[in-house]
Amino acid sequence: MAKPVILSLDDDPEVLRAVERDLRREFGREYRVMRANSGADALDALEKIKLRNDPVALFLVDQRMPEMTGVDFLGKALPLFPDAKKVLLTAYADTNAAIEAINSIKLDHYLMKPWDPPEENLYPVLHDLLDQWQSSYRPPFEGLRLVGYQWSSESHQIKDFLARNRLPYRWLDVETDPDAQQIMDMVEDARFPMLVFADGSIIVKPTTVQIAEKVGLQTRAEQPFYDLAIVGGGPAGLAAAVYGASEGLSTVLIESEAPGGQAGTSSRIENYLGFPVGLSGGDLARRGVAQAKRFGAEILTPQQVVGVRIEDRYRILELADGGAITCHALMIATGVSYRYLEVPGVERLTGAGVYYGAAMTEALYVKDQDVFVVGAGNSAGQAAMYFARYAKTVYILVRGDSLTKSMSQYLVDQIDGTENIKVLLRTEIREVHGDDHLEAVTIVNRDTEELTQMPGVSLFVFIGAQPRTDWLAGVIERDAKGFILTGPDIMPDGHKPPTWNLDRNPFLLEASVPGIFSAGDVRFRSVKRVASAVGEGSIAVQFIHQYLGDL
């Protein structure tokens, strides 16, 4: 943590050196002593300190300066650091100005020059003031600060990226937070969202790649070739990375957003073996990442694979940034994304009240409001239970006539026992309403065709499953919906596909090109549960070893 600052200001170089010398001698261990020879330079320095979010404990300022008096400077500095203690250095003729400053800017003390010896005339006063400051001081947040508008889809995307990658940040709403206004006043190009880093640097409208590179996430591979490359960092991909790296394979995992996949956004997974009280999806992802890295796997995030080429025994991944990674064995575990909700108003309000997935970063903004969850799977149930802690009422909108067909019984029981969750069966969204953010939804009863408009601030969508496999078109075989065919499903009539050039049949989790494997939700006929995805990712590594052994 940065040391609190003591700033001394005097236009006389000899006096300034003497002040700095005495301050460093007595307070240098616990405080950072800075100096300035003009009010303008001092204010510039304070703006940089503010952007770094460092604290200022005390100002020791000369009154008689030609361009800006000490009292004038303190009046300009106080909005930046209102809790800092204020001491004025004066000559005898400045006593009246100092007394007036006690009333006008709440001056804490004034000292007559000279202050020698400091042990008697300077240190006791400053020690007392610094002790007072320390008694009420609360260390500032040292992570990232994101400045933007609450109902901005760009702001939501960055909040989601930071949260899912476990990067601590503080949200500063332009319309309500005074700290946001101060930062805006110090920046020439004040466009939003704006991300302020711990060193005081700012990126306006940052991309996830810019953020990742700035905070030190790995986005580029250390090697050009790997035994095993894994595309997708959900439970299946992380399990494959752990088992592949632990068994001696040089392994790289490439994730386009954040490790954990859809499971990583779950607020509570309670049916995963070994965790009787449950764990969050983010915690599961964090543990998986740490475990994979401990065994030597590289994890690139955010990085996107846009294509794959087959060249003899090599599989070459083409990356969005123009790079490439070559491997012998390729595992595809890209999971699925939620299906787009095609009703009027959704496109305009996505990220401004309409969200795909749990969007837990928005939980505090639904406090005492009505919210809607669309879907009947475990992800929808877990989200409903999470938002019920904050919202006035959570409405689960279900197209079918029951939750039990697609949701685990433990979740159904919890929902039934939660008073502020209401399940509306045989119900669909017909339209969403709002100017700059969601204000209401129109729902329809599928049996009666009755329309009802209901107020609410958030709509969380958990419908359908779309595999992320467009980049594999023409390379491996998929079903009509895009799910990857593996093992026996490649040969429904007993005949091997044209892309298969080996005498043996495909392994259970092997795709229609030898050496390409698939696990998790993206695979055809997979079981859409975290435990099964982890199991498939682990089992696939055994088939990968057999494939590499044949090579």
# chains A, B, ... in the order shown; residues from 1 in each chain; ligands from 1
$ select_by_dssp --residues "segment 422-516 of chain A" --states "strand (DSSP E or B)" --output "count of residues only"
31
$ select_by_dssp --residues "segment 81-306 of chain A" --states "alpha helix (DSSP H)" --output "JSON, numbers by chain"
{"A": [95, 96, 97, 98, 99, 100, 101, 102, 103, 104, 118, 119, 120, 121, 123, 124, 125, 126, 127, 128, 129, 130, 131, 132, 133, 134, 135, 136, 153, 154, 155, 156, 157, 158, 159, 160, 161, 162, 163, 164, 178, 179, 180, 181, 182, 183, 184, 185, 186, 208, 209, 210, 211, 212, 213, 214, 215, 235, 236, 237, 238, 239, 240, 241, 242, 243, 244, 245, 246, 281, 282, 283, 284, 285, 286, 287, 288, 289, 290, 291, 292, 293, 294]}
$ closest_residue --among "A:Leu273, A:Leu279, A:Ala297, A:Ala258" --to "Ala221 of chain A" --atoms "only C-alpha atoms"
A:Ala297
$ closest_residue --among "A:Ile269, A:Ala77, A:Leu485, A:Leu88" --to "Ser408 of chain A" --atoms "only C-alpha atoms"
A:Ile269
$ closest_residue --among "A:Arg29, A:Arg339, A:Lys405, A:Arg399" --to "Ile443 of chain A" --atoms "only C-alpha atoms"
A:Arg399
$ closest_residue --among "A:Val71, A:Ala533, A:Leu438, A:Leu253" --to "Val366 of chain A" --atoms "only C-alpha atoms"
A:Leu438
$ atom_distance --atom1 "atom CA of Val441 of chain A" --atom2 "atom CA of His156 of chain A"
20.5 Å
$ closest_atom_pairs --of "segment 125-158 of chain A" --to "segment 105-113 of chain A" --cutoff "12 Å" --atoms "only C-alpha atoms" --output "Markdown table"
| residue | atom | partner | partner_atom | distance |
| --- | --- | --- | --- | --- |
| A:Val125 | CA | A:His109 | CA | 8.1 |
| A:Leu126 | CA | A:His109 | CA | 9.2 |
| A:Asp128 | CA | A:His109 | CA | 10.7 |
| A:Leu129 | CA | A:Asp108 | CA | 8.0 |
| A:Leu130 | CA | A:Asp108 | CA | 11.1 |
| A:Gln132 | CA | A:Asp108 | CA | 10.8 |
| A:Trp133 | CA | A:Asp108 | CA | 11.2 |
$ write_last_selection --atoms "C-alpha atoms" --output "mmCIF file, in the first residue's frame"
data_model
loop_
_atom_site.group_PDB
_atom_site.id
_atom_site.type_symbol
_atom_site.label_atom_id
_atom_site.label_comp_id
_atom_site.auth_asym_id
_atom_site.auth_seq_id
_atom_site.Cartn_x
_atom_site.Cartn_y
_atom_site.Cartn_z
ATOM 1 C CA VAL A 125 2.187 20.158 16.042
ATOM 2 C CA LEU A 126 2.494 17.880 13.011
ATOM 3 C CA ASP A 128 -0.731 15.763 16.758
ATOM 4 C CA LEU A 129 -2.389 16.559 13.442
ATOM 5 C CA LEU A 130 -1.180 13.350 11.795
ATOM 6 C CA GLN A 132 -5.842 12.907 14.265
ATOM 7 C CA TRP A 133 -5.748 12.134 10.555
#
$ closest_residue --among "A:Glu428, A:Glu247, A:Asp10, A:Glu26" --to "Phe295 of chain A" --atoms "only C-alpha atoms"
A:Glu247
$ residues_around --residues "Gly357 of chain A" --least-positions-apart "2" --cutoff "9 Å" --atoms "only C-alpha atoms" --output "list in words"
Gln262, Thr265, Ser266, Ser337, Tyr338, Tyr355, Ala359, Met360, Ser379, Ala380, Ala383, Phe460, Val461 and Phe462 of chain A
$ write_last_selection --atoms "N, CA, C and O atoms" --output "PDB file, in the first residue's frame"
ATOM      1  N   GLN A 262     -19.831 -20.825 -18.733  1.00  0.00           N
ATOM      2  CA  GLN A 262     -21.133 -20.520 -18.135  1.00  0.00           C
ATOM      3  C   GLN A 262     -21.166 -20.911 -16.668  1.00  0.00           C
ATOM      4  O   GLN A 262     -21.755 -20.215 -15.838  1.00  0.00           O
ATOM      5  N   THR A 265     -20.221 -18.343 -14.009  1.00  0.00           N
ATOM      6  CA  THR A 265     -21.137 -17.269 -13.616  1.00  0.00           C
ATOM      7  C   THR A 265     -22.174 -17.738 -12.608  1.00  0.00           C
ATOM      8  O   THR A 265     -22.994 -16.935 -12.153  1.00  0.00           O
ATOM      9  N   SER A 266     -22.165 -19.023 -12.257  1.00  0.00           N
ATOM     10  CA  SER A 266     -23.166 -19.547 -11.313  1.00  0.00           C
ATOM     11  C   SER A 266     -22.880 -19.057  -9.902  1.00  0.00           C
ATOM     12  O   SER A 266     -21.743 -19.114  -9.434  1.00  0.00           O
ATOM     13  N   SER A 337     -23.509 -20.849 -25.813  1.00  0.00           N
ATOM     14  CA  SER A 337     -23.963 -19.530 -25.376  1.00  0.00           C
ATOM     15  C   SER A 337     -25.485 -19.538 -25.319  1.00  0.00           C
ATOM     16  O   SER A 337     -26.145 -20.348 -25.978  1.00  0.00           O
ATOM     17  N   TYR A 338     -26.037 -18.635 -24.528  1.00  0.00           N
ATOM     18  CA  TYR A 338     -27.489 -18.568 -24.435  1.00  0.00           C
ATOM     19  C   TYR A 338     -28.078 -18.030 -25.734  1.00  0.00           C
ATOM     20  O   TYR A 338     -27.512 -17.151 -26.380  1.00  0.00           O
ATOM     21  N   TYR A 355     -29.954  -8.882 -19.789  1.00  0.00           N
ATOM     22  CA  TYR A 355     -28.652  -9.537 -19.684  1.00  0.00           C
ATOM     23  C   TYR A 355     -28.777 -11.015 -20.037  1.00  0.00           C
ATOM     24  O   TYR A 355     -29.797 -11.648 -19.756  1.00  0.00           O
ATOM     25  N   ALA A 359     -25.083 -12.292 -14.754  1.00  0.00           N
ATOM     26  CA  ALA A 359     -24.749 -10.863 -14.602  1.00  0.00           C
ATOM     27  C   ALA A 359     -24.748 -10.449 -13.137  1.00  0.00           C
ATOM     28  O   ALA A 359     -25.433  -9.506 -12.737  1.00  0.00           O
ATOM     29  N   MET A 360     -23.987 -11.143 -12.312  1.00  0.00           N
ATOM     30  CA  MET A 360     -24.009 -10.884 -10.871  1.00  0.00           C
ATOM     31  C   MET A 360     -23.499  -9.499 -10.503  1.00  0.00           C
ATOM     32  O   MET A 360     -23.773  -9.004  -9.412  1.00  0.00           O
ATOM     33  N   SER A 379     -29.104 -23.194 -14.435  1.00  0.00           N
ATOM     34  CA  SER A 379     -28.518 -21.845 -14.407  1.00  0.00           C
ATOM     35  C   SER A 379     -29.576 -20.808 -14.056  1.00  0.00           C
ATOM     36  O   SER A 379     -29.327 -19.876 -13.279  1.00  0.00           O
ATOM     37  N   ALA A 380     -30.770 -20.963 -14.622  1.00  0.00           N
ATOM     38  CA  ALA A 380     -31.856 -20.035 -14.313  1.00  0.00           C
ATOM     39  C   ALA A 380     -32.257 -20.144 -12.849  1.00  0.00           C
ATOM     40  O   ALA A 380     -32.481 -19.128 -12.174  1.00  0.00           O
ATOM     41  N   ALA A 383     -29.614 -18.545 -10.617  1.00  0.00           N
ATOM     42  CA  ALA A 383     -29.686 -17.084 -10.713  1.00  0.00           C
ATOM     43  C   ALA A 383     -30.872 -16.546  -9.923  1.00  0.00           C
ATOM     44  O   ALA A 383     -30.765 -15.533  -9.227  1.00  0.00           O
ATOM     45  N   PHE A 460     -33.018 -11.372 -16.988  1.00  0.00           N
ATOM     46  CA  PHE A 460     -31.876 -12.266 -17.151  1.00  0.00           C
ATOM     47  C   PHE A 460     -32.309 -13.472 -17.985  1.00  0.00           C
ATOM     48  O   PHE A 460     -33.255 -14.177 -17.616  1.00  0.00           O
ATOM     49  N   VAL A 461     -31.623 -13.681 -19.105  1.00  0.00           N
ATOM     50  CA  VAL A 461     -32.055 -14.665 -20.097  1.00  0.00           C
ATOM     51  C   VAL A 461     -31.198 -15.923 -20.008  1.00  0.00           C
ATOM     52  O   VAL A 461     -29.971 -15.865 -20.089  1.00  0.00           O
ATOM     53  N   PHE A 462     -31.869 -17.076 -19.872  1.00  0.00           N
ATOM     54  CA  PHE A 462     -31.204 -18.384 -19.809  1.00  0.00           C
ATOM     55  C   PHE A 462     -31.967 -19.367 -20.707  1.00  0.00           C
ATOM     56  O   PHE A 462     -32.501 -20.360 -20.233  1.00  0.00           O
TER      57      PHE A 462
END
$ residues_around --residues "Pro235 of chain A" --least-positions-apart "6" --cutoff "8 Å" --atoms "only C-alpha atoms" --output "list in words"
Gly260, Gly261, Ala263, Ala285, Gly288, Gly520, Val530, Ala533, Val534 and Gly537 of chain A
$ closest_residue --among "A:Ser518, A:Thr499, A:Gln181, A:Gln546" --to "Ala240 of chain A" --atoms "only C-alpha atoms"
A:Ser518
$ atom_distance --atom1 "atom CA of Val231 of chain A" --atom2 "atom CA of Ile254 of chain A"
4.9 Å
$ atom_distance --atom1 "atom CA of Thr427 of chain A" --atom2 "atom CA of Ala376 of chain A"
11.4 Å
$ residues_around --residues "Arg430 of chain A" --least-positions-apart "4" --cutoff "10 Å" --atoms "only C-alpha atoms" --output "JSON, numbers by chain"
{"A": [341, 342, 343, 344, 345, 441, 442, 443, 444, 445, 451, 452, 453]}
$ residues_around --residues "Ser8 of chain A" --least-positions-apart "6" --cutoff "8 Å" --atoms "only C-alpha atoms" --output "PDB file with all heavy atoms, in the first residue's frame"
ATOM      1  N   LEU A  16      12.189  25.714   1.165  1.00  0.00           N
ATOM      2  CA  LEU A  16      11.581  24.459   0.739  1.00  0.00           C
ATOM      3  C   LEU A  16      12.496  23.280   1.046  1.00  0.00           C
ATOM      4  O   LEU A  16      12.033  22.227   1.515  1.00  0.00           O
ATOM      5  CB  LEU A  16      11.259  24.527  -0.760  1.00  0.00           C
ATOM      6  CG  LEU A  16      10.442  23.366  -1.326  1.00  0.00           C
ATOM      7  CD1 LEU A  16       9.101  23.248  -0.623  1.00  0.00           C
ATOM      8  CD2 LEU A  16      10.235  23.552  -2.831  1.00  0.00           C
ATOM      9  N   VAL A  19      12.392  22.668   4.828  1.00  0.00           N
ATOM     10  CA  VAL A  19      11.149  22.006   5.238  1.00  0.00           C
ATOM     11  C   VAL A  19      11.197  20.532   4.873  1.00  0.00           C
ATOM     12  O   VAL A  19      10.861  19.658   5.688  1.00  0.00           O
ATOM     13  CB  VAL A  19       9.929  22.690   4.574  1.00  0.00           C
ATOM     14  CG1 VAL A  19       8.662  21.871   4.827  1.00  0.00           C
ATOM     15  CG2 VAL A  19       9.750  24.098   5.099  1.00  0.00           C
ATOM     16  N   GLU A  20      11.594  20.252   3.644  1.00  0.00           N
ATOM     17  CA  GLU A  20      11.639  18.855   3.193  1.00  0.00           C
ATOM     18  C   GLU A  20      12.613  18.041   4.047  1.00  0.00           C
ATOM     19  O   GLU A  20      12.321  16.900   4.439  1.00  0.00           O
ATOM     20  CB  GLU A  20      12.039  18.789   1.720  1.00  0.00           C
ATOM     21  CG  GLU A  20      12.059  17.363   1.179  1.00  0.00           C
ATOM     22  CD  GLU A  20      12.561  17.285  -0.243  1.00  0.00           C
ATOM     23  OE1 GLU A  20      13.355  18.170  -0.642  1.00  0.00           O
ATOM     24  OE2 GLU A  20      12.173  16.345  -0.953  1.00  0.00           O
ATOM     25  N   VAL A  33       7.125  12.116   1.564  1.00  0.00           N
ATOM     26  CA  VAL A  33       7.273  13.569   1.610  1.00  0.00           C
ATOM     27  C   VAL A  33       7.511  14.090   0.195  1.00  0.00           C
ATOM     28  O   VAL A  33       8.456  13.688  -0.481  1.00  0.00           O
ATOM     29  CB  VAL A  33       8.423  13.978   2.546  1.00  0.00           C
ATOM     30  CG1 VAL A  33       8.602  15.502   2.519  1.00  0.00           C
ATOM     31  CG2 VAL A  33       8.152  13.489   3.964  1.00  0.00           C
ATOM     32  N   MET A  34       6.628  14.988  -0.255  1.00  0.00           N
ATOM     33  CA  MET A  34       6.765  15.583  -1.572  1.00  0.00           C
ATOM     34  C   MET A  34       6.860  17.095  -1.425  1.00  0.00           C
ATOM     35  O   MET A  34       6.411  17.659  -0.423  1.00  0.00           O
ATOM     36  CB  MET A  34       5.543  15.230  -2.444  1.00  0.00           C
ATOM     37  CG  MET A  34       5.368  13.744  -2.703  1.00  0.00           C
ATOM     38  SD  MET A  34       3.916  13.393  -3.741  1.00  0.00           S
ATOM     39  CE  MET A  34       4.374  14.224  -5.264  1.00  0.00           C
ATOM     40  N   ARG A  35       7.435  17.746  -2.428  1.00  0.00           N
ATOM     41  CA  ARG A  35       7.565  19.206  -2.362  1.00  0.00           C
ATOM     42  C   ARG A  35       7.215  19.818  -3.712  1.00  0.00           C
ATOM     43  O   ARG A  35       7.289  19.166  -4.755  1.00  0.00           O
ATOM     44  CB  ARG A  35       8.982  19.601  -1.974  1.00  0.00           C
ATOM     45  CG  ARG A  35      10.031  19.290  -3.033  1.00  0.00           C
ATOM     46  CD  ARG A  35      11.392  19.776  -2.604  1.00  0.00           C
ATOM     47  NE  ARG A  35      12.399  19.582  -3.649  1.00  0.00           N
ATOM     48  CZ  ARG A  35      13.676  19.932  -3.528  1.00  0.00           C
ATOM     49  NH1 ARG A  35      14.099  20.479  -2.393  1.00  0.00           N
ATOM     50  NH2 ARG A  35      14.512  19.733  -4.508  1.00  0.00           N
ATOM     51  N   ALA A  36       6.824  21.091  -3.677  1.00  0.00           N
ATOM     52  CA  ALA A  36       6.532  21.852  -4.895  1.00  0.00           C
ATOM     53  C   ALA A  36       6.886  23.306  -4.633  1.00  0.00           C
ATOM     54  O   ALA A  36       6.778  23.794  -3.500  1.00  0.00           O
ATOM     55  CB  ALA A  36       5.070  21.710  -5.277  1.00  0.00           C
ATOM     56  N   PHE A  59      -0.963  19.004   4.332  1.00  0.00           N
ATOM     57  CA  PHE A  59      -0.380  20.077   3.528  1.00  0.00           C
ATOM     58  C   PHE A  59       0.357  21.020   4.468  1.00  0.00           C
ATOM     59  O   PHE A  59      -0.211  21.492   5.460  1.00  0.00           O
ATOM     60  CB  PHE A  59      -1.460  20.868   2.789  1.00  0.00           C
ATOM     61  CG  PHE A  59      -2.233  20.085   1.773  1.00  0.00           C
ATOM     62  CD1 PHE A  59      -3.589  19.839   1.953  1.00  0.00           C
ATOM     63  CD2 PHE A  59      -1.625  19.598   0.631  1.00  0.00           C
ATOM     64  CE1 PHE A  59      -4.317  19.134   1.025  1.00  0.00           C
ATOM     65  CE2 PHE A  59      -2.342  18.879  -0.317  1.00  0.00           C
ATOM     66  CZ  PHE A  59      -3.691  18.645  -0.117  1.00  0.00           C
ATOM     67  N   LEU A  60       1.620  21.337   4.143  1.00  0.00           N
ATOM     68  CA  LEU A  60       2.402  22.333   4.874  1.00  0.00           C
ATOM     69  C   LEU A  60       2.773  23.405   3.854  1.00  0.00           C
ATOM     70  O   LEU A  60       3.664  23.212   3.019  1.00  0.00           O
ATOM     71  CB  LEU A  60       3.644  21.698   5.500  1.00  0.00           C
ATOM     72  CG  LEU A  60       4.506  22.614   6.372  1.00  0.00           C
ATOM     73  CD1 LEU A  60       3.710  23.168   7.545  1.00  0.00           C
ATOM     74  CD2 LEU A  60       5.736  21.861   6.884  1.00  0.00           C
ATOM     75  N   VAL A  61       2.081  24.560   3.902  1.00  0.00           N
ATOM     76  CA  VAL A  61       2.075  25.496   2.780  1.00  0.00           C
ATOM     77  C   VAL A  61       2.460  26.891   3.245  1.00  0.00           C
ATOM     78  O   VAL A  61       1.955  27.386   4.264  1.00  0.00           O
ATOM     79  CB  VAL A  61       0.664  25.541   2.135  1.00  0.00           C
ATOM     80  CG1 VAL A  61       0.638  26.505   0.966  1.00  0.00           C
ATOM     81  CG2 VAL A  61       0.236  24.146   1.708  1.00  0.00           C
TER      82      VAL A  61
END
$ decode --residues "segment 482-493 of chain A" --atoms "all heavy atoms" --output "PDB file, in the first residue's frame"
ATOM      1  N   GLY A 482     -24.980 -27.432 -34.845  1.00  0.00           N
ATOM      2  CA  GLY A 482     -23.599 -27.022 -34.641  1.00  0.00           C
ATOM      3  C   GLY A 482     -22.849 -27.783 -33.566  1.00  0.00           C
ATOM      4  O   GLY A 482     -21.667 -27.512 -33.317  1.00  0.00           O
ATOM      5  N   PHE A 483     -23.497 -28.736 -32.896  1.00  0.00           N
ATOM      6  CA  PHE A 483     -22.808 -29.532 -31.873  1.00  0.00           C
ATOM      7  C   PHE A 483     -21.836 -30.501 -32.547  1.00  0.00           C
ATOM      8  O   PHE A 483     -22.128 -31.054 -33.625  1.00  0.00           O
ATOM      9  CB  PHE A 483     -23.822 -30.299 -31.019  1.00  0.00           C
ATOM     10  CG  PHE A 483     -24.629 -29.423 -30.116  1.00  0.00           C
ATOM     11  CD1 PHE A 483     -25.871 -28.941 -30.517  1.00  0.00           C
ATOM     12  CD2 PHE A 483     -24.144 -29.058 -28.867  1.00  0.00           C
ATOM     13  CE1 PHE A 483     -26.623 -28.125 -29.694  1.00  0.00           C
ATOM     14  CE2 PHE A 483     -24.894 -28.237 -28.032  1.00  0.00           C
ATOM     15  CZ  PHE A 483     -26.134 -27.764 -28.446  1.00  0.00           C
ATOM     16  N   ILE A 484     -20.693 -30.732 -31.915  1.00  0.00           N
ATOM     17  CA  ILE A 484     -19.620 -31.536 -32.503  1.00  0.00           C
ATOM     18  C   ILE A 484     -19.929 -33.024 -32.340  1.00  0.00           C
ATOM     19  O   ILE A 484     -20.205 -33.500 -31.235  1.00  0.00           O
ATOM     20  CB  ILE A 484     -18.273 -31.186 -31.851  1.00  0.00           C
ATOM     21  CG1 ILE A 484     -17.916 -29.722 -32.129  1.00  0.00           C
ATOM     22  CG2 ILE A 484     -17.163 -32.114 -32.360  1.00  0.00           C
ATOM     23  CD1 ILE A 484     -16.696 -29.227 -31.371  1.00  0.00           C
ATOM     24  N   LEU A 485     -19.853 -33.746 -33.444  1.00  0.00           N
ATOM     25  CA  LEU A 485     -20.056 -35.192 -33.420  1.00  0.00           C
ATOM     26  C   LEU A 485     -18.754 -35.874 -33.019  1.00  0.00           C
ATOM     27  O   LEU A 485     -17.670 -35.507 -33.501  1.00  0.00           O
ATOM     28  CB  LEU A 485     -20.503 -35.694 -34.794  1.00  0.00           C
ATOM     29  CG  LEU A 485     -21.808 -35.090 -35.341  1.00  0.00           C
ATOM     30  CD1 LEU A 485     -22.089 -35.601 -36.755  1.00  0.00           C
ATOM     31  CD2 LEU A 485     -22.977 -35.404 -34.417  1.00  0.00           C
ATOM     32  N   THR A 486     -18.841 -36.857 -32.155  1.00  0.00           N
ATOM     33  CA  THR A 486     -17.651 -37.590 -31.699  1.00  0.00           C
ATOM     34  C   THR A 486     -17.966 -39.081 -31.645  1.00  0.00           C
ATOM     35  O   THR A 486     -19.132 -39.500 -31.582  1.00  0.00           O
ATOM     36  CB  THR A 486     -17.214 -37.133 -30.291  1.00  0.00           C
ATOM     37  OG1 THR A 486     -18.293 -37.352 -29.363  1.00  0.00           O
ATOM     38  CG2 THR A 486     -16.819 -35.674 -30.272  1.00  0.00           C
ATOM     39  N   GLY A 487     -16.882 -39.900 -31.651  1.00  0.00           N
ATOM     40  CA  GLY A 487     -17.010 -41.347 -31.458  1.00  0.00           C
ATOM     41  C   GLY A 487     -18.010 -41.988 -32.400  1.00  0.00           C
ATOM     42  O   GLY A 487     -18.026 -41.701 -33.608  1.00  0.00           O
ATOM     43  N   PRO A 488     -18.894 -42.848 -31.873  1.00  0.00           N
ATOM     44  CA  PRO A 488     -19.854 -43.580 -32.714  1.00  0.00           C
ATOM     45  C   PRO A 488     -20.789 -42.666 -33.496  1.00  0.00           C
ATOM     46  O   PRO A 488     -21.294 -43.063 -34.552  1.00  0.00           O
ATOM     47  CB  PRO A 488     -20.635 -44.430 -31.697  1.00  0.00           C
ATOM     48  CG  PRO A 488     -19.745 -44.540 -30.514  1.00  0.00           C
ATOM     49  CD  PRO A 488     -18.966 -43.275 -30.461  1.00  0.00           C
ATOM     50  N   ASP A 489     -21.045 -41.454 -33.001  1.00  0.00           N
ATOM     51  CA  ASP A 489     -21.968 -40.559 -33.705  1.00  0.00           C
ATOM     52  C   ASP A 489     -21.412 -40.070 -35.033  1.00  0.00           C
ATOM     53  O   ASP A 489     -22.159 -39.539 -35.864  1.00  0.00           O
ATOM     54  CB  ASP A 489     -22.312 -39.358 -32.819  1.00  0.00           C
ATOM     55  CG  ASP A 489     -23.178 -39.745 -31.630  1.00  0.00           C
ATOM     56  OD1 ASP A 489     -24.118 -40.545 -31.817  1.00  0.00           O
ATOM     57  OD2 ASP A 489     -22.902 -39.274 -30.505  1.00  0.00           O
ATOM     58  N   ILE A 490     -20.101 -40.233 -35.228  1.00  0.00           N
ATOM     59  CA  ILE A 490     -19.504 -39.860 -36.513  1.00  0.00           C
ATOM     60  C   ILE A 490     -19.887 -40.875 -37.587  1.00  0.00           C
ATOM     61  O   ILE A 490     -19.971 -40.545 -38.772  1.00  0.00           O
ATOM     62  CB  ILE A 490     -17.964 -39.786 -36.387  1.00  0.00           C
ATOM     63  CG1 ILE A 490     -17.570 -38.691 -35.393  1.00  0.00           C
ATOM     64  CG2 ILE A 490     -17.316 -39.508 -37.734  1.00  0.00           C
ATOM     65  CD1 ILE A 490     -16.105 -38.702 -35.048  1.00  0.00           C
ATOM     66  N   MET A 491     -20.147 -42.112 -37.164  1.00  0.00           N
ATOM     67  CA  MET A 491     -20.390 -43.212 -38.121  1.00  0.00           C
ATOM     68  C   MET A 491     -21.749 -43.859 -37.851  1.00  0.00           C
ATOM     69  O   MET A 491     -21.816 -45.039 -37.465  1.00  0.00           O
ATOM     70  CB  MET A 491     -19.281 -44.254 -38.003  1.00  0.00           C
ATOM     71  CG  MET A 491     -17.874 -43.695 -38.113  1.00  0.00           C
ATOM     72  SD  MET A 491     -16.610 -44.987 -37.968  1.00  0.00           S
ATOM     73  CE  MET A 491     -16.946 -45.613 -36.325  1.00  0.00           C
ATOM     74  N   PRO A 492     -22.849 -43.123 -38.020  1.00  0.00           N
ATOM     75  CA  PRO A 492     -24.158 -43.723 -37.724  1.00  0.00           C
ATOM     76  C   PRO A 492     -24.481 -44.923 -38.600  1.00  0.00           C
ATOM     77  O   PRO A 492     -25.220 -45.813 -38.194  1.00  0.00           O
ATOM     78  CB  PRO A 492     -25.129 -42.565 -37.983  1.00  0.00           C
ATOM     79  CG  PRO A 492     -24.412 -41.655 -38.913  1.00  0.00           C
ATOM     80  CD  PRO A 492     -22.964 -41.753 -38.534  1.00  0.00           C
ATOM     81  N   ASP A 493     -23.917 -44.955 -39.806  1.00  0.00           N
ATOM     82  CA  ASP A 493     -24.155 -46.082 -40.712  1.00  0.00           C
ATOM     83  C   ASP A 493     -22.978 -47.035 -40.774  1.00  0.00           C
ATOM     84  O   ASP A 493     -22.924 -47.926 -41.638  1.00  0.00           O
ATOM     85  CB  ASP A 493     -24.471 -45.566 -42.117  1.00  0.00           C
ATOM     86  CG  ASP A 493     -23.373 -44.653 -42.650  1.00  0.00           C
ATOM     87  OD1 ASP A 493     -22.363 -44.440 -41.928  1.00  0.00           O
ATOM     88  OD2 ASP A 493     -23.508 -44.148 -43.775  1.00  0.00           O
TER      89      ASP A 493
END
